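For reference, run25.pdb (PDB, C-alpha atoms):
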```pdb
ATOM      1  CA  MET A   1       0.000   0.000   0.000
ATOM      2  CA  ASP A   2       2.846   2.378   0.915
ATOM      3  CA  ASN A   3       4.710   1.668  -2.357
ATOM      4  CA  GLU A   4       1.543   2.202  -4.372
ATOM      5  CA  ALA A   5       0.932   5.574  -2.707
ATOM      6  CA  ARG A   6       4.539   6.641  -3.425
ATOM      7  CA  ARG A   7       4.197   5.589  -7.048
ATOM      8  CA  ASP A   8       0.950   7.567  -7.396
ATOM      9  CA  ARG A   9       2.572  10.670  -5.864
ATOM     10  CA  GLN A  10       5.580  10.315  -8.188
ATOM     11  CA  GLN A  11       3.350   9.941 -11.255
ATOM     12  CA  HIS A  12       1.386  13.018 -10.171
ATOM     13  CA  ARG A  13       4.646  15.002  -9.760
ATOM     14  CA  ASP A  14       5.925  13.791 -13.139
ATOM     15  CA  GLY A  15       2.651  14.832 -14.782
ATOM     16  CA  ASP A  16       2.861  18.272 -13.143
ATOM     17  CA  LEU A  17       6.453  18.679 -14.346
ATOM     18  CA  ARG A  18       5.557  17.709 -17.907
ATOM     19  CA  GLU A  19       2.640  20.137 -17.904
ATOM     20  CA  HIS A  20       4.897  22.852 -16.443
ATOM     21  CA  ASP A  21       7.551  22.216 -19.138
ATOM     22  CA  GLN A  22       4.900  22.371 -21.856
ATOM     23  CA  VAL A  23       3.590  25.706 -20.540
ATOM     24  CA  ARG A  24       7.143  27.087 -20.366
ATOM     25  CA  ALA A  25       7.790  25.999 -23.966
ATOM     26  CA  GLU A  26       4.600  27.697 -25.163
ATOM     27  CA  ILE A  27       5.439  30.904 -23.280
ATOM     28  CA  GLY A  28       8.968  30.813 -24.705
ATOM     29  CA  GLY A  29       7.574  30.524 -28.226
ATOM     30  CA  LEU A  30       5.212  33.442 -27.652
ATOM     31  CA  LEU A  31       8.033  35.571 -26.217
ATOM     32  CA  GLY A  32      10.210  34.759 -29.232
ATOM     33  CA  ASN A  33       7.435  35.835 -31.608
ATOM     34  CA  ALA A  34       6.799  38.980 -29.552
ATOM     35  CA  ARG A  35      10.492  39.895 -29.773
ATOM     36  CA  LEU A  36      10.456  39.421 -33.530
ATOM     37  CA  LEU A  37       7.378  41.622 -33.854
ATOM     38  CA  LEU A  38       9.027  44.252 -31.651
ATOM     39  CA  VAL A  39      12.161  44.258 -33.839
ATOM     40  CA  LEU A  40      10.048  44.586 -36.992
ATOM     41  CA  LEU A  41       8.033  47.411 -35.435
ATOM     42  CA  VAL A  42      11.166  49.322 -34.363
ATOM     43  CA  TRP A  43      12.659  48.737 -37.822
ATOM     44  CA  GLN A  44       9.523  50.077 -39.509
ATOM     45  CA  MET A  45       9.429  53.122 -37.228
ATOM     46  CA  ALA A  46      13.139  53.838 -37.829
ATOM     47  CA  SER A  47      12.645  53.626 -41.594
ATOM     48  CA  GLN A  48       9.938  56.305 -41.413
ATOM     49  CA  THR A  49      12.065  58.830 -39.521
ATOM     50  CA  ALA A  50      15.148  60.712 -40.656
ATOM     51  CA  LEU A  51      16.651  57.400 -41.760
ATOM     52  CA  SER A  52      14.053  56.933 -44.504
ATOM     53  CA  GLY A  53      16.575  57.520 -47.305
ATOM     54  CA  ILE A  54      19.119  55.152 -45.759
ATOM     55  CA  LEU A  55      17.105  52.407 -44.061
ATOM     56  CA  PRO A  56      14.302  50.815 -46.088
ATOM     57  CA  GLY A  57      11.402  49.308 -44.155
ATOM     58  CA  PRO A  58      10.825  45.581 -43.677
ATOM     59  CA  ILE A  59       8.054  45.483 -46.309
ATOM     60  CA  THR A  60      10.323  47.074 -48.937
ATOM     61  CA  VAL A  61      13.114  44.665 -48.056
ATOM     62  CA  GLY A  62      10.706  41.708 -48.202
ATOM     63  CA  ARG A  63       9.502  42.719 -51.670
ATOM     64  CA  SER A  64      13.092  43.125 -52.872
ATOM     65  CA  LEU A  65      13.994  39.695 -51.494
ATOM     66  CA  ILE A  66      11.069  38.081 -53.282
ATOM     67  CA  GLY A  67      12.190  39.809 -56.498
ATOM     68  CA  LEU A  68      15.761  38.562 -56.046
ATOM     69  CA  LEU A  69      14.590  35.004 -55.423
ATOM     70  CA  GLN A  70      12.954  35.049 -58.859
ATOM     71  CA  GLU A  71      16.179  35.959 -60.691
ATOM     72  CA  LYS A  72      18.175  33.060 -62.102
ATOM     73  CA  SER A  73      21.550  34.812 -61.681
ATOM     74  CA  PHE A  74      20.866  35.448 -57.974
ATOM     75  CA  LEU A  75      19.894  31.818 -57.414
ATOM     76  CA  LEU A  76      23.072  30.642 -59.163
ATOM     77  CA  ASP A  77      25.170  32.969 -56.986
ATOM     78  CA  LEU A  78      23.326  31.717 -53.903
ATOM     79  CA  LEU A  79      24.012  28.115 -54.903
ATOM     80  CA  ALA A  80      27.708  28.867 -55.495
ATOM     81  CA  SER A  81      27.971  30.483 -52.066
ATOM     82  CA  ALA A  82      26.197  27.561 -50.405
ATOM     83  CA  LEU A  83      28.499  25.058 -52.122
ATOM     84  CA  ARG A  84      31.527  27.090 -51.050
ATOM     85  CA  VAL A  85      30.324  27.050 -47.429
ATOM     86  CA  VAL A  86      29.621  23.303 -47.507
ATOM     87  CA  GLY A  87      32.977  22.614 -49.185
ATOM     88  CA  SER A  88      34.933  24.720 -46.705
ATOM     89  CA  LEU A  89      33.137  23.109 -43.781
ATOM     90  CA  ALA A  90      33.883  19.626 -45.112
ATOM     91  CA  ALA A  91      37.538  20.520 -45.740
ATOM     92  CA  ALA A  92      37.885  22.083 -42.265
ATOM     93  CA  MET A  93      36.342  19.025 -40.629
ATOM     94  CA  LEU A  94      38.660  16.732 -42.563
ATOM     95  CA  ILE A  95      41.818  18.754 -41.816
ATOM     96  CA  GLY A  96      40.851  19.562 -38.220
ATOM     97  CA  GLY A  97      39.756  15.975 -37.634
ATOM     98  CA  LEU A  98      43.002  14.542 -38.974
ATOM     99  CA  LEU A  99      45.029  16.977 -36.859
ATOM    100  CA  ALA A 100      42.955  16.056 -33.799
ATOM    101  CA  LEU A 101      43.390  12.326 -34.432
ATOM    102  CA  LEU A 102      47.150  12.485 -35.044
ATOM    103  CA  PRO A 103      47.988  12.272 -31.303
ATOM    104  CA  CYS A 104      45.783   9.156 -31.047
ATOM    105  CA  TRP A 105      47.674   7.424 -33.816
ATOM    106  CA  PHE A 106      51.091   8.862 -32.958
ATOM    107  CA  PRO A 107      51.196   9.884 -29.264
ATOM    108  CA  CYS A 108      54.603  11.552 -29.783
ATOM    109  CA  LEU A 109      52.810  14.242 -31.857
ATOM    110  CA  SER A 110      50.497  15.265 -29.018
ATOM    111  CA  GLY A 111      52.809  18.063 -27.903
ATOM    112  CA  ALA A 112      53.109  19.400 -31.440
ATOM    113  CA  VAL A 113      49.386  19.361 -32.211
ATOM    114  CA  HIS A 114      48.208  20.740 -28.880
ATOM    115  CA  GLY A 115      51.262  22.966 -28.431
ATOM    116  CA  PRO A 116      52.018  25.168 -31.440
ATOM    117  CA  VAL A 117      49.496  23.988 -34.074
ATOM    118  CA  THR A 118      46.228  24.639 -32.213
ATOM    119  CA  PRO A 119      47.213  28.112 -30.941
ATOM    120  CA  PHE A 120      48.588  28.989 -34.392
ATOM    121  CA  PHE A 121      45.280  28.322 -36.124
ATOM    122  CA  SER A 122      43.271  29.853 -33.272
ATOM    123  CA  SER A 123      45.262  33.091 -33.216
ATOM    124  CA  PHE A 124      44.463  34.201 -36.764
ATOM    125  CA  PRO A 125      41.283  36.238 -37.227
ATOM    126  CA  ALA A 126      39.145  35.564 -40.290
ATOM    127  CA  ILE A 127      40.119  38.867 -41.913
ATOM    128  CA  ALA A 128      43.806  37.897 -41.734
ATOM    129  CA  TRP A 129      43.100  34.619 -43.538
ATOM    130  CA  ALA A 130      41.104  36.517 -46.179
ATOM    131  CA  LEU A 131      43.967  38.961 -46.761
ATOM    132  CA  LEU A 132      46.601  36.208 -46.870
ATOM    133  CA  ALA A 133      44.487  34.159 -49.285
ATOM    134  CA  SER A 134      44.039  37.204 -51.543
ATOM    135  CA  ILE A 135      47.784  37.817 -51.569
ATOM    136  CA  TRP A 136      48.672  34.173 -52.153
ATOM    137  CA  PHE A 137      45.965  33.160 -54.645
ATOM    138  CA  GLY A 138      44.557  36.412 -56.037
ATOM    139  CA  VAL A 139      40.833  36.984 -56.265
ATOM    140  CA  SER A 140      39.141  33.678 -57.078
ATOM    141  CA  ASN A 141      36.644  31.149 -55.782
ATOM    142  CA  PHE A 142      39.510  29.198 -54.231
ATOM    143  CA  THR A 143      40.504  32.281 -52.197
ATOM    144  CA  GLY A 144      37.108  32.347 -50.490
ATOM    145  CA  LEU A 145      37.148  28.592 -49.965
ATOM    146  CA  PHE A 146      40.650  28.736 -48.470
ATOM    147  CA  GLY A 147      39.801  31.648 -46.158
ATOM    148  CA  GLN A 148      36.647  29.989 -44.864
ATOM    149  CA  THR A 149      38.391  26.653 -44.393
ATOM    150  CA  ALA A 150      41.333  28.184 -42.530
ATOM    151  CA  THR A 151      38.937  30.078 -40.265
ATOM    152  CA  LEU A 152      36.964  26.918 -39.425
ATOM    153  CA  ILE A 153      39.915  24.559 -38.846
ATOM    154  CA  PRO A 154      40.577  25.641 -35.226
ATOM    155  CA  PHE A 155      36.944  25.088 -34.249
ATOM    156  CA  CYS A 156      36.972  21.583 -35.701
ATOM    157  CA  LEU A 157      40.382  20.806 -34.240
ATOM    158  CA  VAL A 158      39.490  21.919 -30.715
ATOM    159  CA  ASN A 159      36.080  20.226 -30.665
ATOM    160  CA  ILE A 160      37.206  16.924 -32.153
ATOM    161  CA  SER A 161      40.265  16.898 -29.855
ATOM    162  CA  GLY A 162      37.976  17.497 -26.896
ATOM    163  CA  GLY A 163      35.889  14.507 -27.918
ATOM    164  CA  VAL A 164      38.788  12.179 -28.651
ATOM    165  CA  ARG A 165      41.103  12.923 -25.700
ATOM    166  CA  PRO A 166      39.004  11.343 -22.934
ATOM    167  CA  LEU A 167      38.466   8.072 -24.824
ATOM    168  CA  ASP A 168      39.796   5.014 -23.035
ATOM    169  CA  ARG A 169      42.829   3.712 -24.980
ATOM    170  CA  ASP A 170      42.264   0.089 -23.879
ATOM    171  CA  LEU A 171      38.672   0.227 -25.063
ATOM    172  CA  LEU A 172      39.799   1.639 -28.419
ATOM    173  CA  ALA A 173      42.413  -1.095 -28.771
ATOM    174  CA  THR A 174      39.776  -3.750 -28.047
ATOM    175  CA  GLY A 175      37.444  -2.241 -30.631
ATOM    176  CA  GLN A 176      40.255  -2.065 -33.161
ATOM    177  CA  HIS A 177      41.137  -5.717 -32.510
ATOM    178  CA  GLN A 178      37.487  -6.745 -32.983
ATOM    179  CA  TRP A 179      37.278  -4.702 -36.194
ATOM    180  CA  HIS A 180      40.339  -6.405 -37.655
ATOM    181  CA  ARG A 181      38.980  -9.811 -36.684
ATOM    182  CA  CYS A 182      35.706  -9.101 -38.509
ATOM    183  CA  ASP A 183      37.575  -7.606 -41.474
ATOM    184  CA  HIS A 184      39.736 -10.712 -41.969
ATOM    185  CA  ALA A 185      36.830 -13.126 -41.445
ATOM    186  CA  GLY A 186      34.852 -11.675 -44.425
TER     187      GLY A 186
END
```
Any chance you could give the structure as structure tokens?
Amino acid sequence: MDNEARRDRQQHRDGDLREHDQVRAEIGGLLGNARLLLVLLVWQMASQTALSGILPGPITVGRSLIGLLQEKSFLLDLLASALRVVGSLAAAMLIGGLLALLPCWFPCLSGAVHGPVTPFFSSFPAIAWALLASIWFGVSNFTGLFGQTATLIPFCLVNISGGVRPLDRDLLATGQHQWHRCDHAG
């Protein structure tokens, strides 16, 4: 009887918590929408003041955006930019991931990767990479790809290193042994 009463109280508390979380989520959504409406209202008011020649209103900007989205040349430029972003992200993940995994494969390189390499990549601001890429490669699509990749490498390196460092080496060795056993059996 005592256990059943405890279970009922716990279920009641859990139900109250779920209902409370649902109410908080709904209020959060309403607050987010209210903030957006406030920003749009302030924007519209600012565009009607002395800034009217400089700052177009949200409706004007929306109409212009719809017009741009109907132009083939804009869509091709948008696609090229998106591909450049995806390519630079993939390249940064590959380079940063390989740099982060080097100390796992060759422990003697841990000092080199976490010593000078990580701070080197982290110390350069994006604008410096853009200027260096322009000097080295001129103005081209590769320049943008290189600059974006070089800017993203430290983020990938630090995050992947942070995920790989605490892994248990014995567990990895066991998994590697099992993988090779399965590989040779097939």
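Here atom CA of A:Arg35 stands at a distance of 15.0 Å from atom CA of A:Pro58.
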Assuming the chain letters and numbering stay as they are in my file, what does the PyMOL selection byres ((chain A and resi 116-128) around 10) actually select? List them as a list of chain:residue names.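 Applied to this file, the PyMOL selection byres ((chain A and resi 116-128) around 10) returns A:Gly96, A:Leu99, A:Ala100, A:Gly111, A:Ala112, A:Val113, A:His114, A:Gly115, A:Trp129, A:Ala130, A:Leu131, A:Leu132, A:Ala133, A:Ser134, A:Gly147, A:Gln148, A:Thr149, A:Ala150, A:Thr151, A:Leu152, A:Ile153, A:Pro154, A:Phe155, A:Leu157, A:Val158.
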I need the residue set behind the PyMOL selection byres ((chain A and resi 81-91) around 8) for this file; please write it as a VMD selection string. chain A and resid 77 to 80 92 to 95 144 to 146 148 to 149 152
Nearest to A:Asn159, chosen from A:Gly97, A:Pro103, A:Gly138, A:Gly32, with all atoms listed in the file counted in the distances: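 The shortest atom-to-atom distance to A:Asn159 comes from A:Gly97.
In this comparison, which uses only C-alpha atoms, the residue of A:Ile54, A:Ala173, A:Ile59, A:Val164 approaching A:Leu41 most closely is A:Ile59.
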Complete stretch 86-115 of chain A at the level of N, CA and C atoms, written as a tab-separated table (two decimals), in the frame of the given file.
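part.tsv, freshly written:
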```tsv
chain	number	residue	atom	x	y	z
A	86	VAL	N	29.63	24.74	-47.78
A	86	VAL	CA	29.62	23.30	-47.51
A	86	VAL	C	31.00	22.71	-47.77
A	87	GLY	N	31.64	23.12	-48.87
A	87	GLY	CA	32.98	22.61	-49.18
A	87	GLY	C	34.01	23.02	-48.15
A	88	SER	N	33.96	24.28	-47.71
A	88	SER	CA	34.93	24.72	-46.70
A	88	SER	C	34.68	24.04	-45.37
A	89	LEU	N	33.43	23.81	-45.03
A	89	LEU	CA	33.14	23.11	-43.78
A	89	LEU	C	33.63	21.66	-43.84
A	90	ALA	N	33.41	21.01	-44.96
A	90	ALA	CA	33.88	19.63	-45.11
A	90	ALA	C	35.41	19.57	-45.06
A	91	ALA	N	36.07	20.50	-45.75
A	91	ALA	CA	37.54	20.52	-45.74
A	91	ALA	C	38.07	20.81	-44.34
A	92	ALA	N	37.44	21.76	-43.62
A	92	ALA	CA	37.88	22.08	-42.26
A	92	ALA	C	37.68	20.91	-41.32
A	93	MET	N	36.58	20.19	-41.48
A	93	MET	CA	36.34	19.02	-40.63
A	93	MET	C	37.36	17.93	-40.93
A	94	LEU	N	37.68	17.74	-42.19
A	94	LEU	CA	38.66	16.73	-42.56
A	94	LEU	C	40.04	17.10	-42.02
A	95	ILE	N	40.48	18.33	-42.26
A	95	ILE	CA	41.82	18.75	-41.82
A	95	ILE	C	41.88	18.82	-40.29
A	96	GLY	N	40.88	19.47	-39.68
A	96	GLY	CA	40.85	19.56	-38.22
A	96	GLY	C	40.72	18.20	-37.57
A	97	GLY	N	39.92	17.33	-38.17
A	97	GLY	CA	39.76	15.98	-37.63
A	97	GLY	C	41.04	15.17	-37.71
A	98	LEU	N	41.73	15.27	-38.85
A	98	LEU	CA	43.00	14.54	-38.97
A	98	LEU	C	44.04	15.08	-37.99
A	99	LEU	N	44.10	16.40	-37.83
A	99	LEU	CA	45.03	16.98	-36.86
A	99	LEU	C	44.67	16.55	-35.44
A	100	ALA	N	43.39	16.46	-35.13
A	100	ALA	CA	42.96	16.06	-33.80
A	100	ALA	C	43.23	14.58	-33.54
A	101	LEU	N	43.18	13.77	-34.60
A	101	LEU	CA	43.39	12.33	-34.43
A	101	LEU	C	44.87	11.93	-34.48
A	102	LEU	N	45.72	12.81	-34.98
A	102	LEU	CA	47.15	12.48	-35.04
A	102	LEU	C	47.72	12.03	-33.70
A	103	PRO	N	47.46	12.73	-32.59
A	103	PRO	CA	47.99	12.27	-31.30
A	103	PRO	C	47.46	10.90	-30.87
A	104	CYS	N	46.29	10.50	-31.38
A	104	CYS	CA	45.78	9.16	-31.05
A	104	CYS	C	46.59	8.09	-31.77
A	105	TRP	N	46.93	8.38	-33.02
A	105	TRP	CA	47.67	7.42	-33.82
A	105	TRP	C	49.17	7.46	-33.49
A	106	PHE	N	49.67	8.66	-33.26
A	106	PHE	CA	51.09	8.86	-32.96
A	106	PHE	C	51.19	9.73	-31.70
A	107	PRO	N	51.19	9.12	-30.51
A	107	PRO	CA	51.20	9.88	-29.26
A	107	PRO	C	52.36	10.88	-29.15
A	108	CYS	N	53.47	10.62	-29.85
A	108	CYS	CA	54.60	11.55	-29.78
A	108	CYS	C	54.26	12.91	-30.40
A	109	LEU	N	53.21	12.98	-31.22
A	109	LEU	CA	52.81	14.24	-31.86
A	109	LEU	C	51.83	15.07	-31.02
A	110	SER	N	51.45	14.56	-29.86
A	110	SER	CA	50.50	15.26	-29.02
A	110	SER	C	50.98	16.66	-28.64
A	111	GLY	N	52.25	16.76	-28.27
A	111	GLY	CA	52.81	18.06	-27.90
A	111	GLY	C	52.81	19.04	-29.07
A	112	ALA	N	53.07	18.53	-30.27
A	112	ALA	CA	53.11	19.40	-31.44
A	112	ALA	C	51.71	19.89	-31.82
A	113	VAL	N	50.74	18.98	-31.81
A	113	VAL	CA	49.39	19.36	-32.21
A	113	VAL	C	48.75	20.29	-31.19
A	114	HIS	N	48.87	19.94	-29.91
A	114	HIS	CA	48.21	20.74	-28.88
A	114	HIS	C	49.09	21.90	-28.41
A	115	GLY	N	50.37	21.87	-28.77
A	115	GLY	CA	51.26	22.97	-28.43
A	115	GLY	C	51.17	24.07	-29.46
```
